[in-house]
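The data block below is input36.cif; it holds mmCIF, C-alpha atoms (C1' of nucleotides).
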data_entry
#
loop_
_atom_site.group_PDB
_atom_site.id
_atom_site.type_symbol
_atom_site.label_atom_id
_atom_site.label_comp_id
_atom_site.auth_asym_id
_atom_site.auth_seq_id
_atom_site.Cartn_x
_atom_site.Cartn_y
_atom_site.Cartn_z
ATOM 1 C CA MET B 1 19.733 6.347 -6.807
ATOM 2 C CA SER B 2 18.363 4.486 -3.816
ATOM 3 C CA THR B 3 17.398 5.878 -0.451
ATOM 4 C CA ILE B 4 19.355 4.894 2.636
ATOM 5 C CA HIS B 5 17.289 4.054 5.687
ATOM 6 C CA GLU B 6 18.914 6.371 8.181
ATOM 7 C CA ALA B 7 18.197 4.454 11.377
ATOM 8 C CA SER B 8 19.927 1.316 10.085
ATOM 9 C CA GLY B 9 22.292 2.691 7.463
ATOM 10 C CA LEU B 10 21.021 0.053 5.030
ATOM 11 C CA PRO B 11 19.360 0.688 1.667
ATOM 12 C CA ALA B 12 15.581 1.059 1.769
ATOM 13 C CA ASP B 13 14.255 -2.141 0.172
ATOM 14 C CA VAL B 14 10.676 -3.424 0.380
ATOM 15 C CA TYR B 15 11.821 -6.868 -0.756
ATOM 16 C CA SER B 16 13.665 -7.353 2.494
ATOM 17 C CA ALA B 17 11.299 -8.649 5.192
ATOM 18 C CA LYS B 18 13.187 -6.878 7.954
ATOM 19 C CA CYS B 19 13.406 -3.500 6.256
ATOM 20 C CA PRO B 20 11.031 -0.981 7.875
ATOM 21 C CA THR B 21 9.708 -0.176 4.412
ATOM 22 C CA ARG B 22 7.952 -3.535 4.479
ATOM 23 C CA GLN B 23 5.804 -2.494 7.416
ATOM 24 C CA LEU B 24 5.136 0.829 5.774
ATOM 25 C CA LEU B 25 4.002 -1.037 2.674
ATOM 26 C CA ASP B 26 1.537 -2.890 4.876
ATOM 27 C CA HIS B 27 0.173 0.380 6.207
ATOM 28 C CA VAL B 28 -0.002 2.181 2.895
ATOM 29 C CA ALA B 29 -1.252 -0.733 0.798
ATOM 30 C CA GLY B 30 -4.436 -1.203 2.738
ATOM 31 C CA LYS B 31 -7.993 -0.779 1.555
ATOM 32 C CA TRP B 32 -8.972 1.788 4.177
ATOM 33 C CA THR B 33 -5.738 3.745 3.926
ATOM 34 C CA VAL B 34 -6.223 4.202 0.202
ATOM 35 C CA LEU B 35 -9.827 5.314 0.604
ATOM 36 C CA ILE B 36 -9.172 7.689 3.499
ATOM 37 C CA VAL B 37 -6.161 9.412 1.960
ATOM 38 C CA ASP B 38 -7.983 9.734 -1.321
ATOM 39 C CA ALA B 39 -11.089 11.089 0.402
ATOM 40 C CA LEU B 40 -9.034 13.764 2.147
ATOM 41 C CA ALA B 41 -7.588 14.958 -1.151
ATOM 42 C CA ASP B 42 -10.107 17.776 -1.474
ATOM 43 C CA GLY B 43 -9.528 19.122 2.009
ATOM 44 C CA THR B 44 -10.725 18.861 5.599
ATOM 45 C CA MET B 45 -13.231 16.223 6.573
ATOM 46 C CA ARG B 46 -14.914 15.530 9.890
ATOM 47 C CA TYR B 47 -15.131 12.056 11.355
ATOM 48 C CA THR B 48 -18.743 11.635 10.316
ATOM 49 C CA ASP B 49 -18.019 12.967 6.832
ATOM 50 C CA LEU B 50 -15.462 10.222 6.349
ATOM 51 C CA HIS B 51 -17.776 7.609 7.810
ATOM 52 C CA ARG B 52 -20.488 8.552 5.334
ATOM 53 C CA ARG B 53 -18.173 8.950 2.383
ATOM 54 C CA ILE B 54 -16.460 5.604 2.786
ATOM 55 C CA ASP B 55 -19.291 3.162 2.435
ATOM 56 C CA GLY B 56 -18.867 -0.026 4.453
ATOM 57 C CA VAL B 57 -16.179 1.075 6.893
ATOM 58 C CA SER B 58 -16.900 0.337 10.557
ATOM 59 C CA GLN B 59 -16.266 2.910 13.278
ATOM 60 C CA LYS B 60 -13.567 0.658 14.616
ATOM 61 C CA MET B 61 -11.606 0.380 11.391
ATOM 62 C CA LEU B 62 -12.061 4.048 10.569
ATOM 63 C CA THR B 63 -10.730 5.138 13.952
ATOM 64 C CA GLN B 64 -7.948 2.575 13.901
ATOM 65 C CA THR B 65 -6.795 3.535 10.425
ATOM 66 C CA LEU B 66 -6.997 7.256 11.184
ATOM 67 C CA ARG B 67 -4.797 6.746 14.252
ATOM 68 C CA GLN B 68 -2.252 4.884 12.219
ATOM 69 C CA LEU B 69 -2.281 7.556 9.519
ATOM 70 C CA GLU B 70 -1.756 10.081 12.280
ATOM 71 C CA THR B 71 1.282 8.408 13.816
ATOM 72 C CA ASP B 72 2.759 7.807 10.373
ATOM 73 C CA GLY B 73 2.456 11.551 9.793
ATOM 74 C CA PHE B 74 -0.083 11.468 6.944
ATOM 75 C CA VAL B 75 -2.989 13.217 8.645
ATOM 76 C CA THR B 76 -3.549 15.731 11.414
ATOM 77 C CA ARG B 77 -6.380 15.462 13.900
ATOM 78 C CA THR B 78 -7.796 18.712 15.224
ATOM 79 C CA VAL B 79 -10.229 18.643 18.133
ATOM 80 C CA HIS B 80 -12.531 21.630 18.555
ATOM 81 C CA PRO B 81 -13.677 21.832 22.180
ATOM 82 C CA THR B 82 -17.237 22.724 21.304
ATOM 83 C CA ILE B 83 -20.546 21.148 22.170
ATOM 84 C CA PRO B 84 -21.200 18.952 20.339
ATOM 85 C CA PRO B 85 -17.524 18.110 19.744
ATOM 86 C CA ARG B 86 -16.014 18.501 16.309
ATOM 87 C CA VAL B 87 -12.917 16.760 14.990
ATOM 88 C CA ASP B 88 -11.287 17.720 11.704
ATOM 89 C CA TYR B 89 -8.961 15.524 9.707
ATOM 90 C CA ASP B 90 -6.526 16.940 7.168
ATOM 91 C CA LEU B 91 -3.661 15.633 5.092
ATOM 92 C CA THR B 92 -0.196 16.802 6.119
ATOM 93 C CA GLU B 93 2.298 17.732 3.458
ATOM 94 C CA LEU B 94 3.626 14.161 3.641
ATOM 95 C CA GLY B 95 0.069 12.901 3.242
ATOM 96 C CA HIS B 96 -0.413 15.097 0.211
ATOM 97 C CA SER B 97 2.668 13.662 -1.437
ATOM 98 C CA LEU B 98 1.274 10.167 -0.857
ATOM 99 C CA ARG B 99 -1.936 11.222 -2.579
ATOM 100 C CA THR B 100 -0.308 11.113 -6.006
ATOM 101 C CA PRO B 101 0.502 7.386 -6.123
ATOM 102 C CA ILE B 102 -2.686 6.517 -4.245
ATOM 103 C CA ALA B 103 -4.926 8.473 -6.588
ATOM 104 C CA ALA B 104 -3.143 6.828 -9.508
ATOM 105 C CA LEU B 105 -4.008 3.432 -8.056
ATOM 106 C CA ARG B 106 -7.657 4.340 -7.507
ATOM 107 C CA GLU B 107 -7.927 5.722 -11.020
ATOM 108 C CA TRP B 108 -6.317 2.632 -12.489
ATOM 109 C CA ILE B 109 -8.863 0.450 -10.704
ATOM 110 C CA GLU B 110 -11.860 2.465 -11.778
ATOM 111 C CA THR B 111 -10.607 2.649 -15.357
ATOM 112 C CA ASN B 112 -9.729 -1.021 -15.733
ATOM 113 C CA ILE B 113 -12.490 -2.806 -13.802
ATOM 114 C CA ASN B 114 -14.149 -3.945 -17.019
ATOM 115 C CA ARG B 115 -10.962 -5.442 -18.399
ATOM 116 C CA VAL B 116 -10.423 -7.337 -15.150
ATOM 117 C CA GLU B 117 -13.974 -8.691 -15.158
ATOM 118 C CA GLN B 118 -13.538 -9.812 -18.735
ATOM 119 C CA ALA B 119 -10.315 -11.606 -17.748
ATOM 120 C CA ARG B 120 -12.184 -13.318 -14.910
ATOM 121 C CA ARG B 121 -14.897 -14.544 -17.244
ATOM 122 C CA ILE B 122 -12.261 -16.056 -19.484
ATOM 123 C CA ALA B 123 -10.498 -17.640 -16.512
ATOM 124 C CA ALA B 124 -13.785 -19.142 -15.318
ATOM 125 C CA SER B 125 -14.591 -20.708 -18.658
ATOM 126 C CA MET Q 1 -14.902 11.376 -17.349
ATOM 127 C CA SER Q 2 -15.788 8.355 -15.257
ATOM 128 C CA THR Q 3 -15.864 4.728 -16.276
ATOM 129 C CA ILE Q 4 -19.149 2.846 -16.364
ATOM 130 C CA HIS Q 5 -19.077 -0.626 -14.895
ATOM 131 C CA GLU Q 6 -20.527 -2.567 -17.796
ATOM 132 C CA ALA Q 7 -22.047 -5.479 -15.919
ATOM 133 C CA SER Q 8 -24.167 -3.206 -13.718
ATOM 134 C CA GLY Q 9 -24.463 -0.057 -15.828
ATOM 135 C CA LEU Q 10 -23.445 1.985 -12.788
ATOM 136 C CA PRO Q 11 -20.430 4.295 -12.501
ATOM 137 C CA ALA Q 12 -17.239 2.633 -11.253
ATOM 138 C CA ASP Q 13 -16.778 3.978 -7.714
ATOM 139 C CA VAL Q 14 -14.461 2.532 -5.066
ATOM 140 C CA TYR Q 15 -16.291 4.480 -2.362
ATOM 141 C CA SER Q 16 -19.344 2.335 -2.873
ATOM 142 C CA ALA Q 17 -19.096 -0.887 -0.870
ATOM 143 C CA LYS Q 18 -21.077 -2.864 -3.407
ATOM 144 C CA CYS Q 19 -19.175 -1.693 -6.463
ATOM 145 C CA PRO Q 20 -16.911 -4.447 -7.843
ATOM 146 C CA THR Q 21 -14.059 -1.945 -7.838
ATOM 147 C CA ARG Q 22 -14.000 -2.264 -4.059
ATOM 148 C CA GLN Q 23 -13.062 -5.933 -4.258
ATOM 149 C CA LEU Q 24 -10.499 -5.148 -6.912
ATOM 150 C CA LEU Q 25 -9.019 -2.546 -4.581
ATOM 151 C CA ASP Q 26 -8.665 -5.277 -1.980
ATOM 152 C CA HIS Q 27 -6.807 -7.472 -4.442
ATOM 153 C CA VAL Q 28 -4.561 -4.780 -5.847
ATOM 154 C CA ALA Q 29 -3.809 -2.959 -2.598
ATOM 155 C CA GLY Q 30 -2.266 -5.948 -0.916
ATOM 156 C CA LYS Q 31 1.287 -6.366 0.285
ATOM 157 C CA TRP Q 32 2.008 -9.498 -1.760
ATOM 158 C CA THR Q 33 0.287 -8.233 -4.878
ATOM 159 C CA VAL Q 34 2.429 -5.113 -4.880
ATOM 160 C CA LEU Q 35 5.635 -7.077 -4.402
ATOM 161 C CA ILE Q 36 4.853 -9.763 -6.974
ATOM 162 C CA VAL Q 37 3.732 -7.391 -9.717
ATOM 163 C CA ASP Q 38 6.733 -5.187 -9.083
ATOM 164 C CA ALA Q 39 9.080 -8.173 -9.090
ATOM 165 C CA LEU Q 40 7.757 -9.292 -12.473
ATOM 166 C CA ALA Q 41 8.427 -5.874 -13.970
ATOM 167 C CA ASP Q 42 11.732 -6.958 -15.473
ATOM 168 C CA GLY Q 43 10.353 -10.072 -17.100
ATOM 169 C CA THR Q 44 9.727 -13.776 -16.551
ATOM 170 C CA MET Q 45 10.289 -15.298 -13.155
ATOM 171 C CA ARG Q 46 9.994 -18.873 -11.982
ATOM 172 C CA TYR Q 47 8.173 -19.835 -8.811
ATOM 173 C CA THR Q 48 11.386 -20.255 -6.855
ATOM 174 C CA ASP Q 49 12.787 -17.008 -8.224
ATOM 175 C CA LEU Q 50 9.803 -15.167 -6.774
ATOM 176 C CA HIS Q 51 10.037 -17.069 -3.500
ATOM 177 C CA ARG Q 52 13.652 -16.041 -3.089
ATOM 178 C CA ARG Q 53 13.173 -12.495 -4.286
ATOM 179 C CA ILE Q 54 10.258 -11.730 -1.984
ATOM 180 C CA ASP Q 55 11.745 -12.223 1.436
ATOM 181 C CA GLY Q 56 9.279 -13.450 4.032
ATOM 182 C CA VAL Q 57 6.502 -14.729 1.785
ATOM 183 C CA SER Q 58 5.253 -18.220 2.595
ATOM 184 C CA GLN Q 59 4.672 -20.795 -0.132
ATOM 185 C CA LYS Q 60 1.001 -20.627 0.646
ATOM 186 C CA MET Q 61 0.628 -16.890 0.241
ATOM 187 C CA LEU Q 62 2.817 -16.833 -2.836
ATOM 188 C CA THR Q 63 0.754 -19.509 -4.556
ATOM 189 C CA GLN Q 64 -2.535 -18.012 -3.423
ATOM 190 C CA THR Q 65 -1.651 -14.517 -4.581
ATOM 191 C CA LEU Q 66 -0.296 -15.783 -7.897
ATOM 192 C CA ARG Q 67 -3.568 -17.653 -8.545
ATOM 193 C CA GLN Q 68 -5.550 -14.513 -7.810
ATOM 194 C CA LEU Q 69 -3.332 -12.424 -10.072
ATOM 195 C CA GLU Q 70 -3.893 -15.062 -12.722
ATOM 196 C CA THR Q 71 -7.707 -15.007 -12.551
ATOM 197 C CA ASP Q 72 -7.695 -11.208 -12.467
ATOM 198 C CA GLY Q 73 -5.714 -11.312 -15.694
ATOM 199 C CA PHE Q 74 -2.485 -9.748 -14.413
ATOM 200 C CA VAL Q 75 -0.128 -12.686 -14.859
ATOM 201 C CA THR Q 76 0.173 -15.758 -17.026
ATOM 202 C CA ARG Q 77 1.345 -19.099 -15.710
ATOM 203 C CA THR Q 78 3.245 -21.320 -18.109
ATOM 204 C CA VAL Q 79 3.998 -24.910 -17.150
ATOM 205 C CA HIS Q 80 6.884 -26.642 -18.888
ATOM 206 C CA PRO Q 81 6.410 -30.420 -18.692
ATOM 207 C CA THR Q 82 10.035 -31.134 -17.973
ATOM 208 C CA ILE Q 83 11.769 -32.989 -15.180
ATOM 209 C CA PRO Q 84 12.213 -31.240 -12.880
ATOM 210 C CA PRO Q 85 9.098 -29.152 -13.606
ATOM 211 C CA ARG Q 86 9.428 -25.520 -14.500
ATOM 212 C CA VAL Q 87 6.742 -22.859 -14.189
ATOM 213 C CA ASP Q 88 7.156 -19.380 -15.605
ATOM 214 C CA TYR Q 89 5.219 -16.337 -14.479
ATOM 215 C CA ASP Q 90 4.868 -13.258 -16.660
ATOM 216 C CA LEU Q 91 2.875 -10.058 -16.579
ATOM 217 C CA THR Q 92 0.103 -9.749 -19.146
ATOM 218 C CA GLU Q 93 -0.436 -6.457 -20.905
ATOM 219 C CA LEU Q 94 -3.032 -5.627 -18.243
ATOM 220 C CA GLY Q 95 -0.493 -6.522 -15.583
ATOM 221 C CA HIS Q 96 2.059 -4.263 -17.217
ATOM 222 C CA SER Q 97 -0.340 -1.349 -17.119
ATOM 223 C CA LEU Q 98 -0.830 -1.963 -13.379
ATOM 224 C CA ARG Q 99 2.937 -1.824 -12.909
ATOM 225 C CA THR Q 100 3.016 1.941 -13.307
ATOM 226 C CA PRO Q 101 0.881 2.875 -10.267
ATOM 227 C CA ILE Q 102 2.349 0.008 -8.242
ATOM 228 C CA ALA Q 103 5.941 0.968 -8.949
ATOM 229 C CA ALA Q 104 5.048 4.546 -8.042
ATOM 230 C CA LEU Q 105 3.774 3.338 -4.675
ATOM 231 C CA ARG Q 106 6.885 1.249 -3.997
ATOM 232 C CA GLU Q 107 9.131 4.131 -4.954
ATOM 233 C CA TRP Q 108 7.194 6.529 -2.752
ATOM 234 C CA ILE Q 109 7.636 4.183 0.204
ATOM 235 C CA GLU Q 110 11.347 3.697 -0.309
ATOM 236 C CA THR Q 111 11.884 7.404 -0.816
ATOM 237 C CA ASN Q 112 9.862 8.599 2.151
ATOM 238 C CA ILE Q 113 10.594 5.997 4.827
ATOM 239 C CA ASN Q 114 12.831 8.398 6.729
ATOM 240 C CA ARG Q 115 10.207 11.122 6.810
ATOM 241 C CA VAL Q 116 7.655 8.638 8.140
ATOM 242 C CA GLU Q 117 9.993 7.396 10.848
ATOM 243 C CA GLN Q 118 10.675 10.962 11.871
ATOM 244 C CA ALA Q 119 6.925 11.599 12.086
ATOM 245 C CA ARG Q 120 6.578 8.505 14.276
ATOM 246 C CA ARG Q 121 9.273 9.705 16.644
ATOM 247 C CA ILE Q 122 7.450 13.004 17.016
ATOM 248 C CA ALA Q 123 4.134 11.202 17.562
ATOM 249 C CA ALA Q 124 5.723 9.013 20.238
ATOM 250 C CA SER Q 125 7.169 11.930 22.151
ATOM 251 C "C1'" DC J 1 -20.583 14.199 17.861
ATOM 252 C "C1'" DG J 2 -16.801 11.356 18.086
ATOM 253 C "C1'" DG J 3 -15.223 8.318 19.970
ATOM 254 C "C1'" DC J 4 -13.446 3.880 23.293
ATOM 255 C "C1'" DA J 5 -13.958 -0.860 25.452
ATOM 256 C "C1'" DT J 6 -15.447 -5.345 25.022
ATOM 257 C "C1'" DC J 7 -16.890 -9.533 23.145
ATOM 258 C "C1'" DC J 8 -16.717 -12.868 19.612
ATOM 259 C "C1'" DG J 9 -17.064 -15.340 15.139
ATOM 260 C "C1'" DT J 10 -14.496 -15.707 10.920
ATOM 261 C "C1'" DA J 11 -10.979 -15.055 7.601
ATOM 262 C "C1'" DT J 12 -5.982 -14.808 7.010
ATOM 263 C "C1'" DT J 13 -1.685 -16.337 7.742
ATOM 264 C "C1'" DG J 14 2.282 -19.138 9.098
ATOM 265 C "C1'" DA J 15 4.582 -23.554 9.990
ATOM 266 C "C1'" DT J 16 5.065 -28.107 8.940
ATOM 267 C "C1'" DA J 17 4.759 -32.198 6.393
ATOM 268 C "C1'" DC J 18 4.060 -34.470 2.226
ATOM 269 C "C1'" DT J 19 3.804 -35.264 -3.245
ATOM 270 C "C1'" DG J 20 3.928 -35.637 -8.597
ATOM 271 C "C1'" DC M 1 10.974 -27.865 -8.738
ATOM 272 C "C1'" DA M 2 6.582 -26.403 -7.704
ATOM 273 C "C1'" DG M 3 3.489 -27.001 -5.465
ATOM 274 C "C1'" DT M 4 -0.819 -29.279 -2.075
ATOM 275 C "C1'" DA M 5 -2.756 -30.468 2.495
ATOM 276 C "C1'" DT M 6 -3.404 -29.786 7.178
ATOM 277 C "C1'" DC M 7 -3.453 -27.677 11.561
ATOM 278 C "C1'" DA M 8 -2.703 -23.970 14.842
ATOM 279 C "C1'" DA M 9 -2.229 -19.107 15.808
ATOM 280 C "C1'" DT M 10 -3.830 -14.637 15.243
ATOM 281 C "C1'" DA M 11 -5.372 -10.727 13.261
ATOM 282 C "C1'" DC M 12 -9.381 -8.697 11.173
ATOM 283 C "C1'" DG M 13 -13.577 -6.882 11.554
ATOM 284 C "C1'" DG M 14 -18.524 -6.357 13.067
ATOM 285 C "C1'" DA M 15 -21.936 -5.619 16.859
ATOM 286 C "C1'" DT M 16 -22.978 -3.699 21.018
ATOM 287 C "C1'" DG M 17 -22.926 -0.624 24.881
ATOM 288 C "C1'" DC M 18 -21.116 3.347 27.241
ATOM 289 C "C1'" DC M 19 -19.014 8.118 27.798
ATOM 290 C "C1'" DG M 20 -17.381 13.217 27.764
#

structure tokens encoding of this file:
Amino acid sequence: MSTIHEASGLPADVYSAKCPTRQLLDHVAGKWTVLIVDALADGTMRYTDLHRRIDGVSQKMLTQTLRQLETDGFVTRTVHPTIPPRVDYDLTELGHSLRTPIAALREWIETNINRVEQARRIAAS
Amino acid sequence: MSTIHEASGLPADVYSAKCPTRQLLDHVAGKWTVLIVDALADGTMRYTDLHRRIDGVSQKMLTQTLRQLETDGFVTRTVHPTIPPRVDYDLTELGHSLRTPIAALREWIETNINRVEQARRIAAS
DNA sequence: CGGCATCCGTATTGATACTG
DNA sequence: CAGTATCAATACGGATGCCG
């Protein structure tokens, strides 16, 4: 039973270049998206928390990805008008539902890294 | 129970920039990787089959991604020395095990595209 | 603290043409 | 059929400096 993309009336199909699901795939299947959504699994995190947790992400990419996650409806951004300022990021319900496949991907990677490295050694020989 | 990365003796952790899992995340969480692995779910496909199935992929990206999937041990490439040539691509057992989280991601996208577009309309207003 | 604006080198990607 | 080679466009991403 396939989903119909309401705005176009056509079936949702990532294999079609023009289907909006393709762009969503690009958003969701990104390194930083995976890490941010997964990091927010346990609850609220501040900007600096995320920056520290996700080793190697630049301010620019963190902000950019958070904004995209926000417009796609995966995270909420709450500004506390205090001094110093404080900004909380949380998963929405939609974001939480995305957590499941994303966590599965992360777990697969961490579980199978040794098998992949073994395959690479064979390929290199 | 976390996996130990054998080559380094350290825990496998995608949050660490230097952990090899981070690079693997980059390979696995890519648009073309997702589409190719998912396309091979039903069995053998030839180069041209994949090119037709995955709308919008260039020859270059298709070849490049297939080579990467091959060295990572996800697909096998079988050349038949016939005229005209024929090259078959298949998932390995490792590739099959990756199918599960990848198919889950694709299905999530196709199922939730309308909710995302609704969130975007709200964000734009 | 949590950004944004700008610059800038590099890696990715696409289009096109050609080949065994 | 299944690529490779080449060039041009561009997006990615880091570094820096400034601001409320």

Notebook entry, point to check: Could you name the residues that touch segment 17-23 of chain Q at 10 Å or less, counting only C-alpha atoms (C1' of nucleotides), but leaving out those on the same chain fewer than 2 positions away, as a list in words?
Noted result: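 Result of the neighbour search: Lys31, Leu35, Ile54, Asp55, Gly56, Val57, Arg106, Ile109, Glu110, Thr111, Asn112, Ile113, Asn114, Val116 and Glu117 of chain B; His5, Ala7, Ser8, Leu10, Pro11, Ala12, Asp13, Val14, Tyr15, Leu25, Asp26, His27, Val28 and Ala29 of chain Q.
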
Check: What do you get, as number ranges by chain, if you spell out every residue that the PyMOL selection byres ((chain J and resi 15) around 12) selects here?
Finding: Q: 58-60; J: 13-14, 16-17; M: 6-9

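Interatomic distance, atom CA of Leu98 of chain B to atom CA of Glu70 of chain B: 13.5 Å.
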
Polymer residues at most 12 Å from DG20 of chain M, all atoms listed in the file, same-chain spacing of 3 or more positions, as a compact mmCIF listing (two decimals) with C-alpha atoms (C1' of nucleotides), in the frame of the given file:
# COMPACT_ATOMS: atom_id res chain seq x y z
CA PRO B 81 -13.68 21.83 22.18
CA THR B 82 -17.24 22.72 21.30
CA ILE B 83 -20.55 21.15 22.17
CA PRO B 84 -21.20 18.95 20.34
CA PRO B 85 -17.52 18.11 19.74
C1' DC J 1 -20.58 14.20 17.86
C1' DG J 2 -16.80 11.36 18.09
C1' DG J 3 -15.22 8.32 19.97
C1' DC J 4 -13.45 3.88 23.29

Next item on the list: Select all residues from chain M having any atom no more than 10 Å from an atom of chain B (counting only C-alpha atoms (C1' of nucleotides), ignoring ligands), output as a PyMOL selection string.
Entry: chain M and resi 12-14+20

Item checked: Selected residue, from B:Asp72, B:Glu93, B:Glu107, B:Asp49, that lies nearest to chain J when counting only C-alpha atoms (C1' of nucleotides) -> B:Asp49

Checklist line | Protein/DNA/RNA residues near (-21.5, 0.0, 29.1), cut 12 Å, all atoms listed in the file, as a PyMOL selection string | finding: (chain J and resi 4-6) or (chain M and resi 16-19)

Item checked: Proximity to chain J - best of B:Leu62, B:Leu91, B:Val75, B:Ala124, only C-alpha atoms (C1' of nucleotides) ->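 Of all the options, B:Leu62 lies closest to chain J.
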
Item checked: the PyMOL selection byres ((chain B and resi 102) around 8) applied to the shown file, residues as a list of chain:residue names ->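 When the PyMOL selection byres ((chain B and resi 102) around 8) is applied to the shown file, the picked residues are B:Val34, B:Val37, B:Asp38, B:Leu98, B:Arg99, B:Thr100, B:Pro101, B:Ala103, B:Ala104, B:Leu105, B:Arg106, Q:Pro101, Q:Leu105.
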
Checklist line | Polymer residues at most 12 Å from (-16.0, -15.4, 16.2) by all atoms listed in the file, as a PyMOL selection string | finding: (chain J and resi 7-11) or (chain M and resi 11-15)

Margin query: Report, in Å to a single decimal, how far apart atom CA of Gly30 of chain B and atom CA of Thr63 of chain B are.
Written below: 14.3 Å

Is it possible to add N, CA, C and O atoms to segment 45-57 of chain Q and hand it back as a PDB file, in the coordinates of the input?
ATOM      1  N   MET Q  45       9.674 -14.722 -14.349  1.00  0.00           N
ATOM      2  CA  MET Q  45      10.289 -15.298 -13.155  1.00  0.00           C
ATOM      3  C   MET Q  45       9.661 -16.659 -12.864  1.00  0.00           C
ATOM      4  O   MET Q  45       8.462 -16.839 -13.048  1.00  0.00           O
ATOM      5  N   ARG Q  46      10.490 -17.562 -12.390  1.00  0.00           N
ATOM      6  CA  ARG Q  46       9.994 -18.873 -11.982  1.00  0.00           C
ATOM      7  C   ARG Q  46       9.483 -18.785 -10.546  1.00  0.00           C
ATOM      8  O   ARG Q  46       9.769 -17.821  -9.835  1.00  0.00           O
ATOM      9  N   TYR Q  47       8.741 -19.814 -10.159  1.00  0.00           N
ATOM     10  CA  TYR Q  47       8.173 -19.835  -8.811  1.00  0.00           C
ATOM     11  C   TYR Q  47       9.254 -19.611  -7.747  1.00  0.00           C
ATOM     12  O   TYR Q  47       9.115 -18.767  -6.864  1.00  0.00           O
ATOM     13  N   THR Q  48      10.316 -20.349  -7.853  1.00  0.00           N
ATOM     14  CA  THR Q  48      11.386 -20.255  -6.855  1.00  0.00           C
ATOM     15  C   THR Q  48      12.097 -18.907  -6.908  1.00  0.00           C
ATOM     16  O   THR Q  48      12.537 -18.396  -5.883  1.00  0.00           O
ATOM     17  N   ASP Q  49      12.205 -18.350  -8.097  1.00  0.00           N
ATOM     18  CA  ASP Q  49      12.787 -17.008  -8.224  1.00  0.00           C
ATOM     19  C   ASP Q  49      11.991 -16.022  -7.369  1.00  0.00           C
ATOM     20  O   ASP Q  49      12.559 -15.231  -6.614  1.00  0.00           O
ATOM     21  N   LEU Q  50      10.669 -16.084  -7.521  1.00  0.00           N
ATOM     22  CA  LEU Q  50       9.803 -15.167  -6.774  1.00  0.00           C
ATOM     23  C   LEU Q  50       9.920 -15.421  -5.273  1.00  0.00           C
ATOM     24  O   LEU Q  50       9.979 -14.489  -4.476  1.00  0.00           O
ATOM     25  N   HIS Q  51       9.955 -16.709  -4.916  1.00  0.00           N
ATOM     26  CA  HIS Q  51      10.037 -17.069  -3.500  1.00  0.00           C
ATOM     27  C   HIS Q  51      11.317 -16.520  -2.867  1.00  0.00           C
ATOM     28  O   HIS Q  51      11.301 -16.054  -1.730  1.00  0.00           O
ATOM     29  N   ARG Q  52      12.383 -16.559  -3.614  1.00  0.00           N
ATOM     30  CA  ARG Q  52      13.652 -16.041  -3.089  1.00  0.00           C
ATOM     31  C   ARG Q  52      13.669 -14.513  -3.089  1.00  0.00           C
ATOM     32  O   ARG Q  52      14.157 -13.880  -2.157  1.00  0.00           O
ATOM     33  N   ARG Q  53      13.128 -13.952  -4.145  1.00  0.00           N
ATOM     34  CA  ARG Q  53      13.173 -12.495  -4.286  1.00  0.00           C
ATOM     35  C   ARG Q  53      12.356 -11.804  -3.200  1.00  0.00           C
ATOM     36  O   ARG Q  53      12.758 -10.793  -2.637  1.00  0.00           O
ATOM     37  N   ILE Q  54      11.161 -12.359  -2.939  1.00  0.00           N
ATOM     38  CA  ILE Q  54      10.258 -11.730  -1.984  1.00  0.00           C
ATOM     39  C   ILE Q  54      10.462 -12.342  -0.611  1.00  0.00           C
ATOM     40  O   ILE Q  54       9.819 -13.316  -0.220  1.00  0.00           O
ATOM     41  N   ASP Q  55      11.356 -11.746   0.122  1.00  0.00           N
ATOM     42  CA  ASP Q  55      11.745 -12.223   1.436  1.00  0.00           C
ATOM     43  C   ASP Q  55      10.532 -12.243   2.368  1.00  0.00           C
ATOM     44  O   ASP Q  55       9.799 -11.267   2.471  1.00  0.00           O
ATOM     45  N   GLY Q  56      10.325 -13.384   3.015  1.00  0.00           N
ATOM     46  CA  GLY Q  56       9.279 -13.450   4.032  1.00  0.00           C
ATOM     47  C   GLY Q  56       7.938 -13.969   3.549  1.00  0.00           C
ATOM     48  O   GLY Q  56       7.029 -14.174   4.358  1.00  0.00           O
ATOM     49  N   VAL Q  57       7.782 -14.205   2.260  1.00  0.00           N
ATOM     50  CA  VAL Q  57       6.502 -14.729   1.785  1.00  0.00           C
ATOM     51  C   VAL Q  57       6.494 -16.252   1.961  1.00  0.00           C
ATOM     52  O   VAL Q  57       7.491 -16.930   1.702  1.00  0.00           O
TER      53      VAL Q  57
END
